[in-house]
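Chemist: This is start-v1.txt (compact mmCIF, C-alpha atoms).
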```
# COMPACT_ATOMS: atom_id res chain seq x y z
CA MET Z 1 96.02 76.82 91.86
CA ASP Z 2 97.43 80.08 93.23
CA VAL Z 3 95.90 81.07 96.57
CA LEU Z 4 96.28 84.39 98.41
CA LEU Z 5 95.15 84.52 102.04
CA LEU Z 6 94.19 87.96 103.38
CA PRO Z 7 93.60 88.29 107.14
CA THR Z 8 90.73 90.62 108.00
CA LEU Z 9 90.63 92.80 111.11
CA GLY Z 10 87.01 93.94 111.23
CA PRO Z 11 86.76 97.46 112.70
CA LEU Z 12 90.47 97.40 113.58
CA HIS Z 13 91.33 98.19 109.96
CA MET Z 14 90.72 101.83 110.90
CA LEU Z 15 93.85 101.71 113.06
CA HIS Z 16 96.06 100.60 110.17
CA PRO Z 17 96.52 103.23 107.45
CA ARG Z 18 98.68 100.86 105.36
CA TYR Z 19 96.33 97.90 105.89
CA ASN Z 20 92.93 99.51 105.79
CA ALA Z 21 89.67 98.19 104.34
CA VAL Z 22 90.48 99.44 100.85
CA THR Z 23 93.96 97.87 101.01
CA LEU Z 24 92.23 94.49 101.16
CA VAL Z 25 90.34 95.28 97.97
CA GLU Z 26 93.43 96.61 96.22
CA LEU Z 27 95.42 93.49 97.12
CA THR Z 28 92.55 91.39 95.87
CA ARG Z 29 92.27 93.34 92.61
CA ALA Z 30 96.00 93.13 91.95
CA PHE Z 31 95.92 89.31 92.32
CA ARG Z 32 93.31 89.07 89.51
CA PRO Z 33 91.33 86.26 91.15
CA ASP Z 34 88.72 84.06 89.54
CA ALA Z 35 86.80 84.28 92.82
CA VAL Z 36 86.99 85.61 96.36
CA TRP Z 37 86.09 83.23 99.17
CA LEU Z 38 85.17 84.27 102.71
CA ALA Z 39 86.54 81.63 105.06
CA SER Z 40 84.94 83.01 108.21
CA TYR Z 41 81.42 83.54 106.85
CA SER Z 42 78.89 81.08 105.50
CA ALA Z 43 76.93 81.55 102.28
CA GLU Z 44 73.85 82.24 104.41
CA GLY Z 45 75.68 84.74 106.61
CA LEU Z 46 76.96 86.58 103.55
CA ALA Z 47 73.48 86.73 102.02
CA GLU Z 48 71.89 87.88 105.27
CA GLY Z 49 74.53 90.56 105.78
CA VAL Z 50 75.57 89.49 109.29
CA TRP Z 51 79.05 90.81 108.47
CA ARG Z 52 77.66 94.35 108.62
CA ASP Z 53 76.88 94.10 112.33
CA ASP Z 54 80.31 92.49 112.82
CA GLU Z 55 81.76 95.72 111.36
CA GLU Z 56 83.74 93.71 108.82
CA LEU Z 57 84.82 96.91 107.12
CA GLY Z 58 86.49 95.36 104.11
CA LEU Z 59 83.26 93.82 102.86
CA PHE Z 60 81.63 97.26 102.60
CA PHE Z 61 84.12 97.91 99.79
CA LEU Z 62 84.77 94.43 98.39
CA LEU Z 63 81.15 93.66 97.51
CA PRO Z 64 80.53 96.79 95.38
CA TRP Z 65 83.87 96.19 93.60
CA ALA Z 66 83.02 92.53 93.00
CA GLU Z 67 79.62 93.46 91.59
CA ARG Z 68 81.19 95.95 89.18
CA THR Z 69 83.89 93.53 88.03
CA GLU Z 70 81.70 90.40 88.14
CA VAL Z 71 84.10 88.55 90.43
CA PRO Z 72 82.09 86.07 92.52
CA VAL Z 73 82.29 86.41 96.31
CA VAL Z 74 81.39 83.20 98.13
CA GLY Z 75 80.96 82.45 101.84
CA VAL Z 76 82.55 79.01 102.37
CA GLY Z 77 82.67 78.85 106.18
CA GLU Z 78 79.90 76.30 106.59
CA ASN Z 79 77.69 77.12 109.60
CA ALA Z 80 80.32 79.70 110.61
CA GLU Z 81 78.01 82.17 112.34
CA ALA Z 82 76.37 79.55 114.56
CA LEU Z 83 79.69 77.97 115.51
CA LYS Z 84 81.34 81.32 116.26
CA GLY Z 85 78.26 82.23 118.30
CA GLU Z 86 78.99 79.29 120.57
CA SER Z 87 82.15 81.10 121.66
CA GLU Z 88 80.16 84.14 122.81
CA ARG Z 89 77.66 81.96 124.67
CA PHE Z 90 80.51 80.09 126.36
CA ARG Z 91 82.05 83.38 127.47
CA ARG Z 92 78.76 84.58 128.95
CA TYR Z 93 78.45 81.25 130.76
CA LEU Z 94 81.93 81.65 132.30
CA GLU Z 95 81.07 85.17 133.48
CA GLU Z 96 78.42 83.70 135.78
CA PHE Z 97 80.91 81.76 137.93
CA GLU Z 98 83.90 82.76 140.02
CA GLN Z 99 86.15 80.10 138.48
CA GLY Z 100 84.90 81.07 135.03
CA GLN Z 101 85.78 84.69 135.69
CA ALA Z 102 89.27 83.57 136.69
CA TYR Z 103 89.58 81.74 133.36
CA LEU Z 104 88.54 84.89 131.51
CA ARG Z 105 91.13 86.96 133.37
CA GLU Z 106 93.74 84.41 132.38
CA GLU Z 107 92.60 84.56 128.76
CA ALA Z 108 92.89 88.36 128.84
CA GLU Z 109 96.52 88.01 129.96
CA TRP Z 110 97.24 85.70 127.02
CA ARG Z 111 95.58 88.15 124.66
CA ALA Z 112 97.51 91.21 125.87
CA PRO Z 113 100.68 90.62 123.74
CA LEU Z 114 98.49 90.13 120.66
CA GLU Z 115 96.57 93.33 121.36
CA ALA Z 116 99.87 95.18 121.65
CA VAL Z 117 100.83 93.89 118.20
CA LEU Z 118 97.50 94.96 116.71
CA ALA Z 119 97.69 98.42 118.26
CA ALA Z 120 100.73 99.25 116.11
CA PRO Z 121 99.94 100.18 112.49
CA ARG Z 122 100.70 97.23 110.22
CA GLN Z 123 101.59 96.84 106.57
CA PRO Z 124 100.48 93.94 104.34
CA GLU Z 125 103.79 92.07 104.55
CA ASP Z 126 103.66 92.10 108.36
CA TRP Z 127 101.13 89.25 108.34
CA ALA Z 128 103.89 86.87 107.22
CA ARG Z 129 106.35 88.00 109.89
CA ASP Z 130 107.12 86.14 113.07
CA GLU Z 131 106.71 89.28 115.20
CA VAL Z 132 103.00 89.21 114.31
CA LEU Z 133 102.32 85.51 113.78
CA SER Z 134 104.01 84.34 116.99
CA PRO Z 135 101.81 86.30 119.46
CA LEU Z 136 98.73 85.35 117.45
CA THR Z 137 99.62 81.67 117.31
CA ALA Z 138 100.64 81.61 120.97
CA TYR Z 139 97.28 83.08 121.99
CA LEU Z 140 95.32 80.57 119.92
CA GLU Z 141 97.34 77.65 121.25
CA LYS Z 142 96.84 78.67 124.88
CA VAL Z 143 93.09 79.04 124.40
CA ALA Z 144 92.88 75.64 122.69
CA GLU Z 145 95.05 74.03 125.38
CA ARG Z 146 92.90 75.43 128.19
CA PHE Z 147 89.45 74.90 126.68
CA GLY Z 148 89.95 72.39 123.88
CA GLU Z 149 88.44 72.50 120.40
CA GLY Z 150 84.80 73.39 120.90
CA PRO Z 151 82.51 76.23 121.98
CA ALA Z 152 85.29 78.27 123.58
CA THR Z 153 87.17 78.47 120.29
CA GLY Z 154 84.11 78.76 118.06
CA PHE Z 155 85.09 75.34 116.66
CA ARG Z 156 87.93 77.12 114.87
CA GLU Z 157 89.87 73.96 113.94
CA GLU Z 158 86.76 72.30 112.53
CA ARG Z 159 85.78 75.34 110.48
CA MET Z 160 89.23 75.94 108.96
CA ARG Z 161 89.74 72.25 108.23
CA GLY Z 162 86.51 72.34 106.23
CA VAL Z 163 87.56 75.47 104.34
CA ALA Z 164 90.98 73.96 103.53
CA GLN Z 165 89.28 70.89 102.07
CA LYS Z 166 87.10 73.09 99.85
CA ILE Z 167 90.16 75.01 98.63
CA ALA Z 168 91.97 71.76 97.81
CA SER Z 169 89.08 70.62 95.63
CA ALA Z 170 88.37 73.98 93.94
CA ASP Z 171 88.55 74.09 90.15
CA LEU Z 172 90.05 77.59 89.91
CA ASP Z 173 93.32 79.06 88.70
CA ARG Z 174 93.57 82.01 91.08
CA LEU Z 175 91.73 82.36 94.38
CA VAL Z 176 91.75 85.03 97.08
CA VAL Z 177 90.53 83.97 100.51
CA TRP Z 178 89.55 86.53 103.11
CA VAL Z 179 89.82 85.06 106.59
CA ASP Z 180 89.32 86.48 110.07
CA LEU Z 181 92.63 87.16 111.80
CA THR Z 182 91.98 84.58 114.53
CA ASP Z 183 91.29 81.93 111.88
CA TYR Z 184 94.16 82.99 109.64
CA PRO Z 185 97.11 81.01 111.15
CA LEU Z 186 95.13 77.77 111.11
CA LEU Z 187 94.11 78.16 107.49
CA LEU Z 188 97.58 79.28 106.42
CA ALA Z 189 99.01 76.08 107.90
CA ARG Z 190 96.40 73.89 106.17
CA VAL Z 191 96.63 75.18 102.60
CA PRO Z 192 99.93 74.13 101.01
CA GLY Z 193 101.30 76.80 98.75
CA ALA Z 194 98.96 79.53 99.97
CA VAL Z 195 100.69 82.89 100.35
CA PRO Z 196 100.02 85.75 102.77
CA PRO Z 197 99.94 89.37 101.59
CA GLY Z 198 103.31 90.75 100.53
CA ALA Z 199 104.88 94.16 100.06
CA HIS Z 200 102.52 96.56 98.35
CA GLN Z 201 102.74 100.12 97.08
CA PRO Z 202 99.68 102.02 98.40
CA THR Z 203 97.25 103.36 95.81
CA GLU Z 204 95.49 106.71 95.86
CA ALA Z 205 92.28 104.94 96.93
CA GLU Z 206 94.07 103.52 99.98
CA ARG Z 207 95.54 106.90 100.85
CA GLN Z 208 92.09 108.44 100.75
CA ARG Z 209 90.70 105.64 102.90
CA ALA Z 210 93.39 106.30 105.50
CA ILE Z 211 92.36 109.98 105.65
CA LEU Z 212 88.69 109.05 106.01
CA ASP Z 213 89.53 106.58 108.77
CA ARG Z 214 91.48 109.29 110.59
CA ALA Z 215 88.46 111.60 110.36
CA TRP Z 216 86.15 108.92 111.75
CA GLN Z 217 88.38 108.85 114.85
CA LEU Z 218 88.31 112.64 115.25
CA SER Z 219 89.68 113.98 118.52
CA GLU Z 220 90.41 117.42 119.91
CA SER Z 221 94.12 116.88 119.28
CA ASP Z 222 93.59 116.58 115.50
CA ASP Z 223 94.44 119.40 113.13
CA PHE Z 224 90.90 120.30 112.02
CA ALA Z 225 92.04 122.61 109.23
CA LEU Z 226 94.34 119.99 107.72
CA LEU Z 227 91.69 117.29 107.88
CA LEU Z 228 89.12 119.55 106.26
CA SER Z 229 91.54 120.36 103.45
CA GLN Z 230 92.22 116.67 102.86
CA LEU Z 231 88.52 115.80 102.91
CA ARG Z 232 87.75 118.54 100.37
CA GLU Z 233 90.28 116.96 98.01
CA ILE Z 234 88.56 113.58 98.32
CA ALA Z 235 85.16 115.17 97.64
CA SER Z 236 83.07 112.02 98.21
CA PRO Z 237 79.76 111.80 100.13
CA GLU Z 238 81.57 110.14 103.02
CA ALA Z 239 84.19 112.90 103.02
CA GLY Z 240 81.39 115.49 103.09
CA TYR Z 241 79.75 113.76 106.04
CA LEU Z 242 83.03 113.68 107.94
CA ALA Z 243 83.75 117.34 107.13
CA SER Z 244 80.34 118.14 108.60
CA GLN Z 245 81.38 116.27 111.74
CA ILE Z 246 84.46 118.47 112.02
CA TYR Z 247 82.42 121.65 111.69
CA LEU Z 248 80.12 120.38 114.43
CA ALA Z 249 83.07 119.54 116.66
CA ALA Z 250 84.30 123.10 116.13
CA GLY Z 251 80.91 124.49 117.19
CA GLN Z 252 79.93 125.64 113.67
CA VAL Z 253 76.47 124.07 113.62
CA GLU Z 254 75.08 126.04 110.67
CA ASP Z 255 78.09 125.17 108.49
CA ALA Z 256 77.81 121.52 109.52
CA LEU Z 257 74.12 121.47 108.61
CA THR Z 258 74.61 123.20 105.25
CA LEU Z 259 77.29 120.72 104.24
CA LEU Z 260 75.34 117.68 105.38
CA GLU Z 261 72.21 118.87 103.56
CA GLU Z 262 74.31 118.91 100.39
CA VAL Z 263 75.49 115.37 101.05
CA VAL Z 264 72.01 113.88 101.54
CA ALA Z 265 70.66 115.76 98.50
CA GLY Z 266 72.92 113.62 96.30
CA ASP Z 267 73.76 109.93 95.96
CA PHE Z 268 75.14 108.83 99.31
CA HIS Z 269 74.26 105.13 99.37
CA GLU Z 270 77.89 103.92 99.55
CA PRO Z 271 79.54 102.85 101.76
CA ALA Z 272 76.44 101.05 103.04
CA TYR Z 273 76.94 102.37 106.58
CA LEU Z 274 76.88 106.01 105.44
CA PRO Z 275 73.12 106.60 104.87
CA GLY Z 276 72.21 105.66 108.43
CA TYR Z 277 74.92 107.78 110.02
CA ALA Z 278 74.30 110.75 107.73
CA LEU Z 279 70.54 110.87 108.28
CA ALA Z 280 70.92 110.36 112.04
CA ARG Z 281 73.36 113.26 112.27
CA LEU Z 282 71.15 115.35 109.99
CA GLY Z 283 68.30 114.89 112.44
CA GLN Z 284 70.49 116.02 115.32
CA LEU Z 285 71.71 119.09 113.45
CA ARG Z 286 68.18 120.09 112.53
CA ASP Z 287 67.20 119.73 116.17
CA LEU Z 288 70.07 122.02 117.15
CA VAL Z 289 68.82 124.79 114.84
CA GLY Z 290 65.21 124.38 115.97
CA ASP Z 291 63.85 122.55 112.92
CA ARG Z 292 62.00 119.81 114.79
CA ASP Z 293 59.84 118.76 111.84
CA GLY Z 294 62.90 118.38 109.65
CA ALA Z 295 64.67 116.45 112.39
CA LEU Z 296 61.77 114.02 112.71
CA ARG Z 297 61.83 113.40 108.95
CA ALA Z 298 65.52 112.58 109.12
CA TYR Z 299 65.13 110.24 112.10
CA ARG Z 300 62.26 108.42 110.38
CA GLY Z 301 64.41 108.16 107.29
CA VAL Z 302 67.02 106.27 109.29
CA LEU Z 303 64.47 103.73 110.50
CA ALA Z 304 63.07 103.31 106.99
CA LEU Z 305 66.39 102.04 105.64
CA GLY Z 306 66.81 98.32 105.09
CA TRP Z 307 69.91 98.23 107.30
CA VAL Z 308 71.61 100.81 109.48
CA PRO Z 309 74.46 100.58 111.99
CA ARG Z 310 73.22 99.95 115.50
CA GLU Z 311 74.53 103.32 116.73
CA ALA Z 312 72.66 105.22 114.02
CA ARG Z 313 69.43 103.36 114.81
CA GLU Z 314 69.77 104.19 118.52
CA ILE Z 315 70.38 107.88 117.68
CA ALA Z 316 67.24 107.96 115.52
CA GLN Z 317 65.09 106.24 118.13
CA ALA Z 318 66.29 108.65 120.81
CA GLY Z 319 65.70 111.61 118.48
CA LEU Z 320 62.12 110.58 117.86
CA ARG Z 321 61.48 110.55 121.60
CA SER Z 322 62.94 113.97 122.30
CA PRO Z 323 64.93 116.72 120.51
CA PHE Z 324 68.68 116.23 120.46
CA ARG Z 325 70.77 118.29 122.83
CA PRO Z 326 74.54 117.81 123.03
CA ALA Z 327 75.86 116.44 126.30
CA ALA Z 328 77.54 118.94 128.58
CA ARG Z 329 81.32 118.80 128.42
```
Spell out the structure here as structure tokens.
Modeler:
Amino acid sequence: MDVLLLPTLGPLHMLHPRYNAVTLVELTRAFRPDAVWLASYSAEGLAEGVWRDDEELGLFFLLPWAERTEVPVVGVGENAEALKGESERFRRYLEEFEQGQAYLREEAEWRAPLEAVLAAPRQPEDWARDEVLSPLTAYLEKVAERFGEGPATGFREERMRGVAQKIASADLDRLVVWVDLTDYPLLLARVPGAVPPGAHQPTEAERQRAILDRAWQLSESDDFALLLSQLREIASPEAGYLASQIYLAAGQVEDALTLLEEVVAGDFHEPAYLPGYALARLGQLRDLVGDRDGALRAYRGVLALGWVPREAREIAQAGLRSPFRPAAR
């Protein structure tokens, strides 16, 4: 069986134009897998959508693609969410004690070289290179040496050993496995013949995703005119939402509102995080132009959705309590 392992970075994919959320899907598509397995999520966690609150960006794009192409996506990390949750509980426990706080400061020092690696934009083939794998492996080894295999590590060894056993017994010809970056080295070492991502020529879909990611991180130093031009070329609901954000940042509230009204008048259900953000911002824009009734409808629309990002929900709840007013600079 041919196995491709793709490390996932959660929200950090936005920092990597050549390894963004759509890159994961394009690498998966090019491999022509019989199935895609999620090593760091359980079947229950996948079904319940816990990955959405984890901001596992790639899954917002993988799942619609898999549904269209009828490629099964399976969570194989048995009890993964509960075991990973032990790590968070252990960290909160350490924060309560002076010695525990010292341990956490030490852990932050170990993590610093890895964070420096992740801050630099990466390409797919980088995940097989020593300059990336060494800091990651060193961090994991130090954590395991200090705290042992257990709650502090989210039972990482146990989880990846179980996934490797399932891969070994799978009756498939070609399998892609998505695995959280901090689980990736352990699984790579336990699956003989598994390959990491290799050199890859970016597709147009990836290029567009990189532009959208740049717009999500909008700052005053960005070239607003250039970004708007690029977003117009993409011409998707998400691009329209982000263009509206740029108009708002430039102080053009009426233009921002007009554009966002056009977005929500159409089909804007994908990516799954977009409806919540779009309706929440729509409420704020309507508040800014004095349309309180319209703003309330938009805020209620956010809360009526089956799932929304936490930030969008908080915006809607605040907007229902009082009209939105931008914070003073």
Chemist: Figure out the distance between CA of His16 in chain Z and CA of Ile234 in chain Z, please, to one decimal in Å.
Modeler: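 If I compute the distance from CA of Ile234 in chain Z to CA of His16 in chain Z, I get 19.1 Å.
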Chemist: Would you compute the distance between CA of Arg92 in chain Z and CA of Gly77 in chain Z? Give it in Å to one decimal.
Modeler: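 Value for the CA of Arg92 in chain Z-CA of Gly77 in chain Z distance: 23.8 Å.
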Chemist: Rank Z:Tyr139, Z:Tyr299, Z:Trp37, Z:Trp178 by their smallest atom-to-atom distance to Lys166 in chain Z, using all atoms listed in the file, and report the top residue only.
Modeler: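 With all atoms listed in the file as the atom set, the closest residue is Z:Trp37.
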Chemist: Could you check how far CA of Glu204 in chain Z sits from CA of Ser219 in chain Z, in Å to one decimal?
Modeler: 24.5 Å
Chemist: Could you check the closest approach to Leu259 in chain Z for each of Z:Asp126, Z:Asp287, Z:Glu238, Z:Asp213 and tell me which residue wins, using only C-alpha atoms?
Modeler: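 Closest to Leu259 in chain Z, using only C-alpha atoms: Z:Glu238.
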Chemist: Which is closer to Ala116 in chain Z than all the others in Z:Ala239, Z:Ile246, Z:Leu136, Z:Val176, using only C-alpha atoms?
Modeler: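 Among the listed residues, Z:Leu136 lies closest to Ala116 in chain Z.
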Chemist: Counting all atoms listed in the file, what is within 10 Å of Val195 in chain Z, bar same-chain residues fewer than 6 positions away, as number ranges by chain?
Modeler: Z: 2-6, 128, 176, 188
Chemist: Let me make sure I understand: among Z:Ala138, Z:Leu15, Z:Met1, Z:Leu257, which one has the smallest atom-to-atom distance to Pro121 in chain Z if we use only C-alpha atoms?
Modeler: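 That would be Z:Leu15, the residue with the smallest distance to Pro121 in chain Z.
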Chemist: I'd like a table as JSON lines: residues in range 238-271 of chain Z with an atom no more than 12 Å from range 50-64 of chain Z, each row giving the shortest atom pair and its distance in Å to one decimal, all atoms listed in the file counted, sorted by chain and rising residue number.
Modeler:
```
{"residue": "Z:His269", "atom": "CA", "partner": "Z:Pro64", "partner_atom": "CA", "distance": 11.2}
{"residue": "Z:Glu270", "atom": "CA", "partner": "Z:Phe60", "partner_atom": "CA", "distance": 8.2}
{"residue": "Z:Pro271", "atom": "CA", "partner": "Z:Phe60", "partner_atom": "CA", "distance": 6.0}
```
Chemist: Store the residues of this selection in a file with C-alpha atoms, as a PDB file, keeping the file's coordinate frame.
Modeler:
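Resulting contents of out_10.pdb:
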```pdb
ATOM      1  CA  HIS Z 269      74.260 105.130  99.370  1.00  0.00           C
ATOM      2  CA  GLU Z 270      77.890 103.920  99.550  1.00  0.00           C
ATOM      3  CA  PRO Z 271      79.540 102.850 101.760  1.00  0.00           C
TER       4      PRO Z 271
END
```
Chemist: Show which residues sit within 6 Å of range 143-156 of chain Z, as number ranges by chain. Count only C-alpha atoms, and ignore same-chain residues fewer than 4 positions away.
Modeler: Z: 83-84, 86-87, 90
Chemist: Keeping only C-alpha atoms, write the selected residues as a compact mmCIF listing (two decimals), in the frame of the given file.
Modeler:
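The new file again-v4.txt reads:
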```txt
# COMPACT_ATOMS: atom_id res chain seq x y z
CA LEU Z 83 79.69 77.97 115.51
CA LYS Z 84 81.34 81.32 116.26
CA GLU Z 86 78.99 79.29 120.57
CA SER Z 87 82.15 81.10 121.66
CA PHE Z 90 80.51 80.09 126.36
```
Chemist: I'd like to know which of Z:Arg91, Z:Glu78, Z:Ile211, Z:Pro72 is closest to Gln165 in chain Z, using only C-alpha atoms.
Modeler: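 The shortest atom-to-atom distance to Gln165 in chain Z comes from Z:Glu78.
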Chemist: Around (98.1, 73.2, 107.6) in the file's own coordinates, what residues are found within 12 Å if you use all atoms listed in the file, given back as a PDB file with C-alpha atoms, in the coordinates of the input?
Modeler:
```pdb
ATOM      1  CA  GLU Z 157      89.870  73.960 113.940  1.00  0.00           C
ATOM      2  CA  MET Z 160      89.230  75.940 108.960  1.00  0.00           C
ATOM      3  CA  ARG Z 161      89.740  72.250 108.230  1.00  0.00           C
ATOM      4  CA  GLY Z 162      86.510  72.340 106.230  1.00  0.00           C
ATOM      5  CA  VAL Z 163      87.560  75.470 104.340  1.00  0.00           C
ATOM      6  CA  ALA Z 164      90.980  73.960 103.530  1.00  0.00           C
ATOM      7  CA  GLN Z 165      89.280  70.890 102.070  1.00  0.00           C
ATOM      8  CA  ALA Z 168      91.970  71.760  97.810  1.00  0.00           C
ATOM      9  CA  ASP Z 183      91.290  81.930 111.880  1.00  0.00           C
ATOM     10  CA  TYR Z 184      94.160  82.990 109.640  1.00  0.00           C
ATOM     11  CA  PRO Z 185      97.110  81.010 111.150  1.00  0.00           C
ATOM     12  CA  LEU Z 186      95.130  77.770 111.110  1.00  0.00           C
ATOM     13  CA  LEU Z 187      94.110  78.160 107.490  1.00  0.00           C
ATOM     14  CA  LEU Z 188      97.580  79.280 106.420  1.00  0.00           C
ATOM     15  CA  ALA Z 189      99.010  76.080 107.900  1.00  0.00           C
ATOM     16  CA  ARG Z 190      96.400  73.890 106.170  1.00  0.00           C
ATOM     17  CA  VAL Z 191      96.630  75.180 102.600  1.00  0.00           C
ATOM     18  CA  PRO Z 192      99.930  74.130 101.010  1.00  0.00           C
ATOM     19  CA  GLY Z 193     101.300  76.800  98.750  1.00  0.00           C
ATOM     20  CA  ALA Z 194      98.960  79.530  99.970  1.00  0.00           C
TER      21      ALA Z 194
END
```
Chemist: Show which residues sit within 12 Å of Pro326 in chain Z, as number ranges by chain. Count all atoms listed in the file, and ignore same-chain residues fewer than 6 positions away.
Modeler: Z: 248-249, 251, 253, 281, 284-285, 287-288, 319
Chemist: Under the rule that all atoms listed in the file are counted, which of Z:Arg300, Z:Arg292, Z:Arg174, Z:Arg214 is the nearest residue to Val36 in chain Z?
Modeler: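 Nearest to Val36 in chain Z: Z:Arg174.
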